[in-house]
Structures are given as structure tokens and as C-alpha cells.
>>> print(open('model16.tsv').read())   # TSV, C-alpha atoms
chain	number	residue	atom	x	y	z
A	418	MET	CA	113.98	-68.49	-4.58
A	419	THR	CA	115.50	-65.12	-5.47
A	420	THR	CA	118.86	-65.44	-7.20
A	421	GLY	CA	121.51	-63.15	-8.63
A	422	PRO	CA	125.19	-62.81	-9.59
A	423	ALA	CA	126.31	-63.01	-5.98
A	424	GLU	CA	129.93	-64.00	-6.57
A	425	ALA	CA	130.76	-60.86	-8.53
A	426	ARG	CA	129.42	-58.58	-5.77
A	427	ILE	CA	131.20	-60.09	-2.76
A	428	ASP	CA	133.62	-57.56	-1.28
A	429	THR	CA	136.59	-59.50	0.08
A	430	GLY	CA	138.50	-56.37	1.06
A	431	ARG	CA	136.28	-55.41	4.00
A	432	PRO	CA	134.94	-57.58	6.81
A	433	HIS	CA	131.23	-58.30	6.89
A	434	PRO	CA	129.22	-59.16	10.04
A	435	ALA	CA	127.78	-62.38	8.55
A	436	ARG	CA	131.25	-63.68	7.69
A	437	VAL	CA	132.78	-62.63	11.02
A	438	TYR	CA	129.93	-64.48	12.76
A	439	ASP	CA	130.60	-67.51	10.55
A	440	TYR	CA	134.27	-67.54	11.59
A	441	LEU	CA	133.40	-67.25	15.28
A	442	LEU	CA	130.98	-70.18	14.90
A	443	GLY	CA	133.74	-72.29	13.38
A	444	GLY	CA	132.46	-72.06	9.80
A	445	LYS	CA	134.48	-71.92	6.58
A	446	ASP	CA	132.69	-69.23	4.59
A	447	HIS	CA	134.77	-66.16	5.31
A	448	TYR	CA	137.86	-64.36	4.06
A	449	PRO	CA	141.18	-63.36	5.64
A	450	VAL	CA	139.86	-59.89	6.41
A	451	ASP	CA	136.99	-61.43	8.41
A	452	GLN	CA	139.35	-63.76	10.24
A	453	ALA	CA	141.70	-60.90	11.08
A	454	LEU	CA	138.90	-58.90	12.70
A	455	SER	CA	137.54	-61.95	14.52
A	456	GLU	CA	140.93	-62.66	16.03
A	457	GLN	CA	140.92	-59.19	17.59
A	458	MET	CA	137.85	-60.16	19.58
A	459	PRO	CA	138.22	-61.44	23.18
A	460	PRO	CA	138.48	-65.21	23.71
A	461	GLU	CA	134.91	-65.26	25.07
A	462	ALA	CA	133.49	-64.08	21.73
A	463	LYS	CA	133.28	-67.56	20.23
A	464	GLU	CA	131.32	-68.89	23.20
A	465	ALA	CA	129.06	-65.84	23.15
A	466	VAL	CA	128.02	-66.34	19.51
A	467	ALA	CA	127.51	-70.06	20.18
A	468	GLN	CA	125.20	-69.16	23.06
A	469	ASN	CA	123.33	-66.76	20.79
A	470	ARG	CA	122.92	-69.47	18.15
A	471	ALA	CA	121.66	-71.91	20.78
A	472	PHE	CA	119.10	-69.32	21.88
A	473	MET	CA	117.83	-69.09	18.29
A	474	HIS	CA	117.39	-72.85	18.17
A	475	ARG	CA	115.46	-72.92	21.47
A	476	ALA	CA	113.29	-69.91	20.60
A	477	ALA	CA	112.43	-71.16	17.11
A	478	GLY	CA	111.57	-74.57	18.52
A	479	TRP	CA	109.41	-72.97	21.19
A	480	ALA	CA	107.52	-70.96	18.56
A	481	ALA	CA	106.93	-74.04	16.41
A	482	ARG	CA	105.73	-76.11	19.36
A	483	SER	CA	103.44	-73.21	20.33
A	484	GLY	CA	101.61	-73.58	17.02
A	485	ILE	CA	103.33	-70.95	14.85
A	486	ASP	CA	104.08	-72.39	11.43
A	487	GLN	CA	105.34	-69.26	9.60
A	488	PHE	CA	108.74	-67.63	10.15
A	489	LEU	CA	110.33	-64.44	8.82
A	490	ASP	CA	114.06	-64.45	9.58
A	491	VAL	CA	115.75	-61.11	8.86
A	492	GLY	CA	119.55	-61.02	9.00
A	493	THR	CA	119.87	-64.74	8.31
A	494	GLY	CA	123.64	-64.94	8.07
A	495	ILE	CA	125.62	-67.69	6.39
A	496	PRO	CA	123.74	-70.99	6.76
A	497	THR	CA	124.99	-73.14	9.64
A	498	ARG	CA	123.23	-76.43	10.33
A	499	PRO	CA	120.80	-76.71	11.84
A	500	ASN	CA	119.28	-73.65	10.24
A	501	LEU	CA	116.01	-72.17	11.44
A	502	HIS	CA	113.92	-74.04	8.85
A	503	GLN	CA	115.51	-77.33	9.85
A	504	VAL	CA	114.68	-76.69	13.50
A	505	VAL	CA	111.04	-75.78	12.89
A	506	GLN	CA	110.31	-78.23	10.07
A	507	GLU	CA	111.50	-81.08	12.24
A	508	ILE	CA	108.68	-80.09	14.60
A	509	ASN	CA	106.18	-79.16	11.89
A	510	PRO	CA	107.16	-80.27	8.36
A	511	ALA	CA	104.58	-77.87	6.88
A	512	ALA	CA	106.26	-74.77	8.34
A	513	ARG	CA	107.01	-71.95	5.91
A	514	VAL	CA	110.17	-69.84	6.25
A	515	VAL	CA	111.38	-66.69	4.51
A	516	TYR	CA	115.02	-65.73	5.01
A	517	THR	CA	116.49	-62.27	4.34
A	518	ASP	CA	120.04	-60.95	4.36
A	519	ASN	CA	122.01	-58.23	2.56
A	520	ASP	CA	125.32	-60.06	2.03
A	521	PRO	CA	125.72	-61.65	-1.44
A	522	ILE	CA	127.71	-64.54	0.04
A	523	VAL	CA	124.62	-65.54	2.02
A	524	LEU	CA	122.63	-65.70	-1.22
A	525	ARG	CA	125.25	-67.95	-2.75
A	526	HIS	CA	124.91	-70.45	0.08
A	527	ALA	CA	121.17	-70.03	0.43
A	528	GLU	CA	120.67	-71.48	-3.04
A	529	ALA	CA	122.42	-74.67	-1.96
A	530	LEU	CA	121.41	-75.04	1.69
A	531	LEU	CA	118.00	-73.51	2.36
A	532	VAL	CA	115.99	-76.45	1.06
A	533	SER	CA	112.50	-77.05	2.39
A	534	THR	CA	110.64	-80.19	3.31
A	535	PRO	CA	108.11	-81.23	0.63
A	536	GLU	CA	105.24	-80.20	2.91
A	537	GLY	CA	106.63	-76.78	3.78
A	538	ALA	CA	108.29	-73.89	1.97
A	539	THR	CA	111.56	-71.99	2.23
A	540	ASP	CA	112.39	-68.81	0.34
A	541	TYR	CA	115.23	-66.30	0.35
A	542	LEU	CA	115.35	-62.57	-0.33
A	543	GLU	CA	118.49	-60.47	-0.63
A	544	GLU	CA	117.40	-57.26	1.09
A	545	ASP	CA	118.45	-54.88	3.86
A	546	VAL	CA	116.53	-54.64	7.14
A	547	ARG	CA	116.39	-50.87	6.55
A	548	GLU	CA	113.91	-51.61	3.76
A	549	PRO	CA	111.18	-53.31	5.83
A	550	ALA	CA	108.41	-52.54	3.32
A	551	LYS	CA	110.29	-54.42	0.59
A	552	ILE	CA	110.87	-57.35	2.91
A	553	LEU	CA	107.19	-57.54	3.79
A	554	GLU	CA	106.11	-57.27	0.16
A	555	HIS	CA	108.27	-60.22	-0.86
A	556	ALA	CA	107.51	-62.30	2.22
A	557	GLY	CA	103.78	-61.85	1.61
A	558	ALA	CA	104.06	-64.08	-1.44
A	559	VAL	CA	105.09	-67.00	0.82
A	560	LEU	CA	103.66	-66.15	4.23
A	561	ASP	CA	100.04	-65.41	5.15
A	562	PHE	CA	100.17	-62.30	7.30
A	563	GLY	CA	96.59	-62.91	8.33
A	564	ARG	CA	97.89	-65.72	10.56
A	565	PRO	CA	100.65	-65.68	13.22
A	566	VAL	CA	104.25	-65.29	12.09
A	567	ALA	CA	107.45	-65.50	14.15
A	568	LEU	CA	109.68	-62.54	13.29
A	569	SER	CA	113.32	-63.41	13.99
A	570	LEU	CA	115.87	-60.61	14.46
A	571	ILE	CA	118.89	-62.51	15.71
A	572	ALA	CA	122.12	-60.56	16.33
A	573	LEU	CA	121.01	-57.95	13.81
A	574	MET	CA	119.75	-54.69	15.26
A	575	HIS	CA	123.07	-53.76	16.89
A	576	PHE	CA	124.30	-53.18	13.33
A	577	VAL	CA	121.57	-50.55	12.82
A	578	PRO	CA	122.63	-47.14	14.20
A	579	ASP	CA	120.23	-44.84	16.01
A	580	GLU	CA	119.97	-42.49	13.03
A	581	ASP	CA	118.44	-45.33	10.96
A	582	ASP	CA	115.64	-45.73	13.53
A	583	PRO	CA	115.98	-49.38	14.56
A	584	TYR	CA	112.85	-49.17	16.73
A	585	GLY	CA	110.80	-47.77	13.84
A	586	ILE	CA	112.06	-50.53	11.53
A	587	THR	CA	111.08	-53.18	14.05
A	588	ARG	CA	107.67	-51.58	14.56
A	589	THR	CA	107.01	-51.53	10.80
A	590	LEU	CA	107.71	-55.26	10.63
A	591	LEU	CA	105.62	-56.02	13.71
A	592	ASP	CA	102.67	-53.92	12.57
A	593	ALA	CA	102.24	-56.26	9.60
A	594	LEU	CA	101.86	-59.31	11.84
A	595	ALA	CA	98.63	-60.85	13.11
A	596	PRO	CA	97.83	-61.20	16.83
A	597	GLY	CA	99.52	-64.26	18.26
A	598	SER	CA	102.66	-63.61	16.23
A	599	CYS	CA	105.92	-63.23	18.09
A	600	LEU	CA	109.19	-61.34	18.00
A	601	VAL	CA	112.38	-63.35	18.63
A	602	LEU	CA	115.27	-60.94	19.20
A	603	SER	CA	118.84	-61.05	20.41
A	604	HIS	CA	121.01	-57.95	20.71
A	605	PHE	CA	124.68	-57.39	21.54
A	606	THR	CA	125.35	-55.55	24.78
A	607	LYS	CA	128.38	-54.26	26.66
A	608	ASP	CA	126.50	-54.40	29.97
A	609	PHE	CA	128.62	-57.29	31.27
A	610	LEU	CA	131.91	-56.77	29.44
A	611	SER	CA	135.07	-55.75	31.23
A	612	GLY	CA	137.28	-53.08	29.73
A	613	GLU	CA	139.60	-55.81	28.46
A	614	GLN	CA	136.74	-57.68	26.79
A	615	ASP	CA	135.30	-54.59	25.11
A	616	ARG	CA	136.60	-54.52	21.52
A	617	THR	CA	133.85	-52.30	20.14
A	618	ASP	CA	136.35	-49.73	18.86
A	619	GLU	CA	138.26	-52.37	16.89
A	620	TYR	CA	135.02	-53.56	15.30
A	621	ARG	CA	134.02	-50.05	14.29
A	622	ALA	CA	137.51	-49.27	12.99
A	623	SER	CA	137.05	-52.10	10.48
A	624	GLY	CA	134.22	-50.18	8.84
A	625	ILE	CA	131.34	-52.13	10.42
A	626	THR	CA	128.68	-50.12	12.19
A	627	LEU	CA	128.16	-51.46	15.70
A	628	ARG	CA	125.76	-50.02	18.28
A	629	PRO	CA	125.69	-52.08	21.49
A	630	ARG	CA	122.63	-51.32	23.61
A	631	THR	CA	121.87	-51.54	27.29
A	632	ARG	CA	119.12	-53.69	28.73
A	633	PRO	CA	116.62	-50.76	28.90
A	634	GLU	CA	117.45	-49.90	25.28
A	635	VAL	CA	116.90	-53.50	24.16
A	636	ALA	CA	113.66	-53.63	26.15
A	637	ARG	CA	112.28	-50.85	23.92
A	638	PHE	CA	112.14	-53.29	20.98
A	639	PHE	CA	109.46	-55.19	22.93
A	640	ASP	CA	107.28	-52.18	23.75
A	641	GLY	CA	103.60	-53.09	23.37
A	642	LEU	CA	104.30	-56.82	23.29
A	643	ASP	CA	103.87	-59.51	25.94
A	644	LEU	CA	107.21	-61.03	26.90
A	645	VAL	CA	107.28	-64.80	27.27
A	646	ASP	CA	108.86	-66.18	30.44
A	647	PRO	CA	111.65	-65.87	31.45
A	648	GLY	CA	111.45	-62.38	29.92
A	649	LEU	CA	114.38	-60.29	28.75
A	650	VAL	CA	117.49	-62.15	29.87
A	651	THR	CA	120.95	-63.08	28.61
A	652	ALA	CA	121.20	-65.82	25.99
A	653	PRO	CA	122.09	-68.81	28.22
A	654	ARG	CA	119.24	-67.96	30.59
A	655	TRP	CA	116.42	-68.08	28.02
A	656	ASN	CA	115.04	-71.59	28.29
A	657	PRO	CA	111.33	-71.80	29.22
A	658	GLY	CA	110.60	-74.46	31.80
A	659	ALA	CA	114.25	-75.00	32.68
A	660	ALA	CA	116.01	-73.90	35.82
A	661	VAL	CA	117.63	-70.47	35.48
A	662	PRO	CA	121.37	-70.46	36.30
A	663	GLU	CA	122.01	-68.75	39.61
A	664	SER	CA	125.08	-66.88	38.39
A	665	ARG	CA	125.66	-64.96	35.22
A	666	ASP	CA	127.98	-66.57	32.69
A	667	ALA	CA	131.25	-64.71	32.07
A	668	THR	CA	130.59	-64.79	28.32
A	669	ASP	CA	127.16	-63.12	28.41
A	670	SER	CA	127.11	-60.63	25.54
A	671	PHE	CA	123.51	-60.75	24.30
A	672	HIS	CA	120.20	-59.62	25.73
A	673	VAL	CA	117.49	-61.89	24.31
A	674	GLY	CA	113.75	-62.25	24.49
A	675	VAL	CA	110.61	-63.60	22.86
A	676	ALA	CA	107.32	-61.70	22.98
A	677	ARG	CA	103.81	-62.14	21.63
A	678	VAL	CA	101.85	-59.66	19.54
A	679	ARG	CA	98.72	-58.74	21.46
A	680	PRO	CA	95.18	-59.22	20.08
>>> encode(input="model16.tsv", output="C-alpha cells")
Amino acid sequence: MTTGPAEARIDTGRPHPARVYDYLLGGKDHYPVDQALSEQMPPEAKEAVAQNRAFMHRAAGWAARSGIDQFLDVGTGIPTRPNLHQVVQEINPAARVVYTDNDPIVLRHAEALLVSTPEGATDYLEEDVREPAKILEHAGAVLDFGRPVALSLIALMHFVPDEDDPYGITRTLLDALAPGSCLVLSHFTKDFLSGEQDRTDEYRASGITLRPRTRPEVARFFDGLDLVDPGLVTAPRWNPGAAVPESRDATDSFHVGVARVRP
């Protein structure tokens, strides 16, 4: 597991997306600056991130039950049980997981919490999604890219602005994956937010880059892939085999989907 002097590099003077997310999930690994920004968000924000987390659990479980036993999770965030490896290794104890994030506080907790089953493997890399080649190089020491891998980009790409080419980054990661692999992605959207709920300007004013995208813009991340039913939907509605709610939930803030890499 990659380690480093994380504590000395944690910036407590500016909010960080991983720590804001931790606060909204009810965690304890954040600072006053993260709490202050979180409390500017609409009341629905906490439910929205909980729905997004629940989608990750369902999608990771679906991938493991579908026979995928390798996972590359980019933008891991602060560990919150159950973590992705706990979800998939409960289904397949031999599953192998590589986590990646660019916040030193995540590294600090990864050393304590991201512990694998004896049969499987769990590793952690401190790296930025804007360096996909470095991520793939490290992950290749743990994962076999000649076999299917589930690439997880959960609540991440809306922090990558257009000028950093989020679609190109995603394509670089996908191009390294074998047929039968899958992309698991969730992305923040303002499609369903009222003017009162939209606090995008407050988020940006804190110094965090935030680029909400519309459904057609999120769909572009899945170009060339085969979407798994129920397709590109909001987080509460992604649940293969279950009845789809007839009405949209008032807290819907994420477009989500899972798609297979074609042969």
C-alpha cells in the first residue's frame, strides 16, 4: 500500500470535496471549513449523497455477481463502511481492488481501513484522475488488465472542468480495459434542482471546481459502451430487476449508469 506524510499536507483552510462528502454522509473526518460549506447546501443534499452511495453499493454488488473480480475505484473519498472492497469481497472474497484519491486525508484513513480479505487484495494510490496513465501504471501491479475490470468513477467527474478533458480522461482509462469490463459512473446534475436548491455558486466560491452536467452531457461518458438496464437514470432508479419508481424523487441530483466494454 502506498504511504506518505499525509498529515503534514492536509490543507485545513480550504474545503475539499472528499471531506464535504464525508460531512454530508454523517462522517467525522472533516474540518470546520468543510462543515461550513456543507451547511450552505440545501437540506436535500444529505439525502442525495446517501442515494449516490447506495447506488455505488448496488452497482459494485451487481458487477461482482456478474463475475467481475477486479475493481479500479478512482476518487475513492474518505472510507465509509461498507467500502467498495467490503461490498465485493463479501460476494467474492478473492476480489482485487485498487483505490485512488488525491486528498492526503484519504490516504491517512486508507492505511487503517482499506484492509483486504486474505484471499483478495486491496491497494491504495494517492493520485489525481487527471493523471490516468499514472493510475493505470500503478493499478497494473495489482490488477490484470487482460481480464475484465470494473472502473468506478463515483461523484468524481463533475469536479473535472471541460478544459481538463473529462471525456478524454475517461476514454484513456477505458481503453486499458478488456472486453467485458464495465464503467460505473455517477455525476452531479442540476437538471432537477429548483433555483432555491441550486447552490453551485456557493460551492465554486469556496475554491472547489464544480461542473454539473446535463443528462446528454453525462451520456457522452458512455459513448461506445453498452448500457446495462435500466440505463442512464437518477441514483434511486438504478436497481436492476427492481420496479422503477413512477415519480422522480425530489432529491435527485445524480445521473448514474453502468455500461459494459464491448468485445
>>> atom_distance(input="model16.tsv", atom1="CA of Leu570 (chain A)", atom2="CA of Gly585 (chain A)")
13.8 Å
>>> closest_atom_pairs(input="model16.tsv", of="region 461-509 of chain A", to="region 588-592 of chain A", cutoff="12 Å", atoms="all atoms listed in the file", output="CSV")
residue,atom,partner,partner_atom,distance
A:Leu489,CA,A:Leu590,CA,9.7
A:Asp490,CA,A:Leu590,CA,11.2
A:Val491,CA,A:Leu590,CA,10.1
>>> closest_atom_pairs(input="model16.tsv", of="region 506-580 of chain A", to="region 432-450 of chain A", cutoff="12 Å", atoms="all atoms listed in the file", output="Markdown table")
| residue | atom | partner | partner_atom | distance |
| --- | --- | --- | --- | --- |
| A:Asp518 | CA | A:Ala435 | CA | 8.9 |
| A:Asn519 | CA | A:Ala435 | CA | 9.3 |
| A:Asp520 | CA | A:Ala435 | CA | 7.3 |
| A:Pro521 | CA | A:Ala435 | CA | 10.2 |
| A:Ile522 | CA | A:Asp446 | CA | 8.2 |
| A:Val523 | CA | A:Ala435 | CA | 7.9 |
| A:Leu524 | CA | A:Ala435 | CA | 11.5 |
| A:Arg525 | CA | A:Asp446 | CA | 10.5 |
| A:His526 | CA | A:Asp446 | CA | 9.1 |
| A:Ile571 | CA | A:Ala435 | CA | 11.4 |
| A:Ala572 | CA | A:Tyr438 | CA | 9.4 |
| A:Leu573 | CA | A:Pro434 | CA | 9.1 |
| A:Met574 | CA | A:Pro434 | CA | 11.7 |
| A:His575 | CA | A:Pro434 | CA | 10.7 |
| A:Phe576 | CA | A:Pro434 | CA | 8.4 |
| A:Val577 | CA | A:Pro434 | CA | 11.8 |
>>> write_last_selection(input="model16.tsv", atoms="C-alpha atoms", output="compact mmCIF listing (two decimals), in the frame of the given file")
# COMPACT_ATOMS: atom_id res chain seq x y z
CA ASP A 518 120.04 -60.95 4.36
CA ASN A 519 122.01 -58.23 2.56
CA ASP A 520 125.32 -60.06 2.03
CA PRO A 521 125.72 -61.65 -1.44
CA ILE A 522 127.71 -64.54 0.04
CA VAL A 523 124.62 -65.54 2.02
CA LEU A 524 122.63 -65.70 -1.22
CA ARG A 525 125.25 -67.95 -2.75
CA HIS A 526 124.91 -70.45 0.08
CA ILE A 571 118.89 -62.51 15.71
CA ALA A 572 122.12 -60.56 16.33
CA LEU A 573 121.01 -57.95 13.81
CA MET A 574 119.75 -54.69 15.26
CA HIS A 575 123.07 -53.76 16.89
CA PHE A 576 124.30 -53.18 13.33
CA VAL A 577 121.57 -50.55 12.82
>>> residues_near_point(input="model16.tsv", point="(117.2, -71.1, 28.5)", cutoff="12 Å", atoms="all atoms listed in the file", output="NGL selection string")
:A and (468-476 or 478-479 or 645-662 or 673-675)
>>> write_last_selection(input="model16.tsv", atoms="C-alpha atoms", output="compact mmCIF listing (two decimals), in the coordinates of the input")
# COMPACT_ATOMS: atom_id res chain seq x y z
CA GLN A 468 125.20 -69.16 23.06
CA ASN A 469 123.33 -66.76 20.79
CA ARG A 470 122.92 -69.47 18.15
CA ALA A 471 121.66 -71.91 20.78
CA PHE A 472 119.10 -69.32 21.88
CA MET A 473 117.83 -69.09 18.29
CA HIS A 474 117.39 -72.85 18.17
CA ARG A 475 115.46 -72.92 21.47
CA ALA A 476 113.29 -69.91 20.60
CA GLY A 478 111.57 -74.57 18.52
CA TRP A 479 109.41 -72.97 21.19
CA VAL A 645 107.28 -64.80 27.27
CA ASP A 646 108.86 -66.18 30.44
CA PRO A 647 111.65 -65.87 31.45
CA GLY A 648 111.45 -62.38 29.92
CA LEU A 649 114.38 -60.29 28.75
CA VAL A 650 117.49 -62.15 29.87
CA THR A 651 120.95 -63.08 28.61
CA ALA A 652 121.20 -65.82 25.99
CA PRO A 653 122.09 -68.81 28.22
CA ARG A 654 119.24 -67.96 30.59
CA TRP A 655 116.42 -68.08 28.02
CA ASN A 656 115.04 -71.59 28.29
CA PRO A 657 111.33 -71.80 29.22
CA GLY A 658 110.60 -74.46 31.80
CA ALA A 659 114.25 -75.00 32.68
CA ALA A 660 116.01 -73.90 35.82
CA VAL A 661 117.63 -70.47 35.48
CA PRO A 662 121.37 -70.46 36.30
CA VAL A 673 117.49 -61.89 24.31
CA GLY A 674 113.75 -62.25 24.49
CA VAL A 675 110.61 -63.60 22.86
>>> closest_residue(input="model16.tsv", among="A:Thr497, A:Gly484, A:Ala462, A:Ser569", to="Val515 (chain A)", atoms="all atoms listed in the file")
A:Ser569
>>> atom_distance(input="model16.tsv", atom1="CA of Tyr541 (chain A)", atom2="CA of Gly624 (chain A)")
26.3 Å
>>> atom_distance(input="model16.tsv", atom1="CA of Phe605 (chain A)", atom2="CA of Thr429 (chain A)")
24.6 Å
>>> closest_residue(input="model16.tsv", among="A:Ala676, A:Val546, A:Ile427, A:Ala467", to="Asp581 (chain A)", atoms="only C-alpha atoms")
A:Val546
>>> closest_residue(input="model16.tsv", among="A:Arg677, A:Arg628, A:Met458, A:Leu594", to="Glu580 (chain A)", atoms="all atoms listed in the file")
A:Arg628
>>> closest_atom_pairs(input="model16.tsv", of="region 459-519 of chain A", to="region 551-563 of chain A", cutoff="8 Å", atoms="only C-alpha atoms", output="CSV")
residue,atom,partner,partner_atom,distance
A:Gln487,CA,A:Leu560,CA,6.4
A:Phe488,CA,A:Leu560,CA,7.9
A:Leu489,CA,A:Ala556,CA,7.5
A:Arg513,CA,A:Leu560,CA,6.9
A:Val514,CA,A:Leu560,CA,7.8
A:Val515,CA,A:Ala556,CA,6.3
A:Thr517,CA,A:Ile552,CA,7.6
>>> closest_residue(input="model16.tsv", among="A:Ser483, A:Ser611, A:Thr587, A:Thr617", to="Arg637 (chain A)", atoms="all atoms listed in the file")
A:Thr587
>>> closest_residue(input="model16.tsv", among="A:Arg498, A:Arg547, A:Arg564, A:Lys607", to="Asp669 (chain A)", atoms="only C-alpha atoms")
A:Lys607
>>> closest_residue(input="model16.tsv", among="A:Ala511, A:Ala477, A:Leu542, A:Leu642", to="Val601 (chain A)", atoms="all atoms listed in the file")
A:Ala477
>>> decode(input="model16.tsv", residues="region 451-465 of chain A", atoms="N, CA, C and O atoms", output="PDB file, in the first residue's frame")
ATOM      1  N   ASP A 451     -15.025  22.599   5.944  1.00  0.00           N
ATOM      2  CA  ASP A 451     -15.857  21.671   5.171  1.00  0.00           C
ATOM      3  C   ASP A 451     -17.297  21.686   5.681  1.00  0.00           C
ATOM      4  O   ASP A 451     -18.247  21.666   4.891  1.00  0.00           O
ATOM      5  N   GLN A 452     -17.443  21.740   6.998  1.00  0.00           N
ATOM      6  CA  GLN A 452     -18.787  21.800   7.582  1.00  0.00           C
ATOM      7  C   GLN A 452     -19.500  23.085   7.176  1.00  0.00           C
ATOM      8  O   GLN A 452     -20.692  23.073   6.843  1.00  0.00           O
ATOM      9  N   ALA A 453     -18.751  24.199   7.187  1.00  0.00           N
ATOM     10  CA  ALA A 453     -19.363  25.481   6.845  1.00  0.00           C
ATOM     11  C   ALA A 453     -19.913  25.469   5.421  1.00  0.00           C
ATOM     12  O   ALA A 453     -21.021  25.963   5.161  1.00  0.00           O
ATOM     13  N   LEU A 454     -19.150  24.907   4.485  1.00  0.00           N
ATOM     14  CA  LEU A 454     -19.625  24.829   3.106  1.00  0.00           C
ATOM     15  C   LEU A 454     -20.810  23.876   3.007  1.00  0.00           C
ATOM     16  O   LEU A 454     -21.806  24.174   2.329  1.00  0.00           O
ATOM     17  N   SER A 455     -20.724  22.743   3.680  1.00  0.00           N
ATOM     18  CA  SER A 455     -21.812  21.761   3.625  1.00  0.00           C
ATOM     19  C   SER A 455     -23.120  22.355   4.115  1.00  0.00           C
ATOM     20  O   SER A 455     -24.190  22.053   3.575  1.00  0.00           O
ATOM     21  N   GLU A 456     -23.041  23.184   5.131  1.00  0.00           N
ATOM     22  CA  GLU A 456     -24.256  23.751   5.704  1.00  0.00           C
ATOM     23  C   GLU A 456     -24.866  24.840   4.838  1.00  0.00           C
ATOM     24  O   GLU A 456     -25.977  25.310   5.119  1.00  0.00           O
ATOM     25  N   GLN A 457     -24.159  25.230   3.772  1.00  0.00           N
ATOM     26  CA  GLN A 457     -24.748  26.137   2.787  1.00  0.00           C
ATOM     27  C   GLN A 457     -25.543  25.381   1.727  1.00  0.00           C
ATOM     28  O   GLN A 457     -26.255  25.989   0.931  1.00  0.00           O
ATOM     29  N   MET A 458     -25.394  24.061   1.709  1.00  0.00           N
ATOM     30  CA  MET A 458     -26.102  23.254   0.738  1.00  0.00           C
ATOM     31  C   MET A 458     -27.572  23.125   1.139  1.00  0.00           C
ATOM     32  O   MET A 458     -27.929  23.265   2.307  1.00  0.00           O
ATOM     33  N   PRO A 459     -28.466  22.836   0.180  1.00  0.00           N
ATOM     34  CA  PRO A 459     -29.886  22.678   0.507  1.00  0.00           C
ATOM     35  C   PRO A 459     -30.107  21.454   1.393  1.00  0.00           C
ATOM     36  O   PRO A 459     -29.277  20.536   1.424  1.00  0.00           O
ATOM     37  N   PRO A 460     -31.212  21.409   2.118  1.00  0.00           N
ATOM     38  CA  PRO A 460     -31.474  20.273   3.015  1.00  0.00           C
ATOM     39  C   PRO A 460     -31.452  18.930   2.294  1.00  0.00           C
ATOM     40  O   PRO A 460     -31.124  17.904   2.895  1.00  0.00           O
ATOM     41  N   GLU A 461     -31.808  18.925   1.018  1.00  0.00           N
ATOM     42  CA  GLU A 461     -31.867  17.662   0.260  1.00  0.00           C
ATOM     43  C   GLU A 461     -30.492  17.076  -0.034  1.00  0.00           C
ATOM     44  O   GLU A 461     -30.380  15.926  -0.470  1.00  0.00           O
ATOM     45  N   ALA A 462     -29.414  17.864   0.182  1.00  0.00           N
ATOM     46  CA  ALA A 462     -28.087  17.411  -0.213  1.00  0.00           C
ATOM     47  C   ALA A 462     -27.668  16.138   0.519  1.00  0.00           C
ATOM     48  O   ALA A 462     -27.049  15.250  -0.070  1.00  0.00           O
ATOM     49  N   LYS A 463     -27.996  16.042   1.797  1.00  0.00           N
ATOM     50  CA  LYS A 463     -27.594  14.852   2.553  1.00  0.00           C
ATOM     51  C   LYS A 463     -28.264  13.600   1.994  1.00  0.00           C
ATOM     52  O   LYS A 463     -27.624  12.552   1.864  1.00  0.00           O
ATOM     53  N   GLU A 464     -29.535  13.697   1.667  1.00  0.00           N
ATOM     54  CA  GLU A 464     -30.229  12.542   1.094  1.00  0.00           C
ATOM     55  C   GLU A 464     -29.683  12.208  -0.281  1.00  0.00           C
ATOM     56  O   GLU A 464     -29.548  11.036  -0.647  1.00  0.00           O
ATOM     57  N   ALA A 465     -29.311  13.232  -1.046  1.00  0.00           N
ATOM     58  CA  ALA A 465     -28.787  12.998  -2.385  1.00  0.00           C
ATOM     59  C   ALA A 465     -27.473  12.222  -2.336  1.00  0.00           C
ATOM     60  O   ALA A 465     -27.270  11.282  -3.115  1.00  0.00           O
TER      61      ALA A 465
END
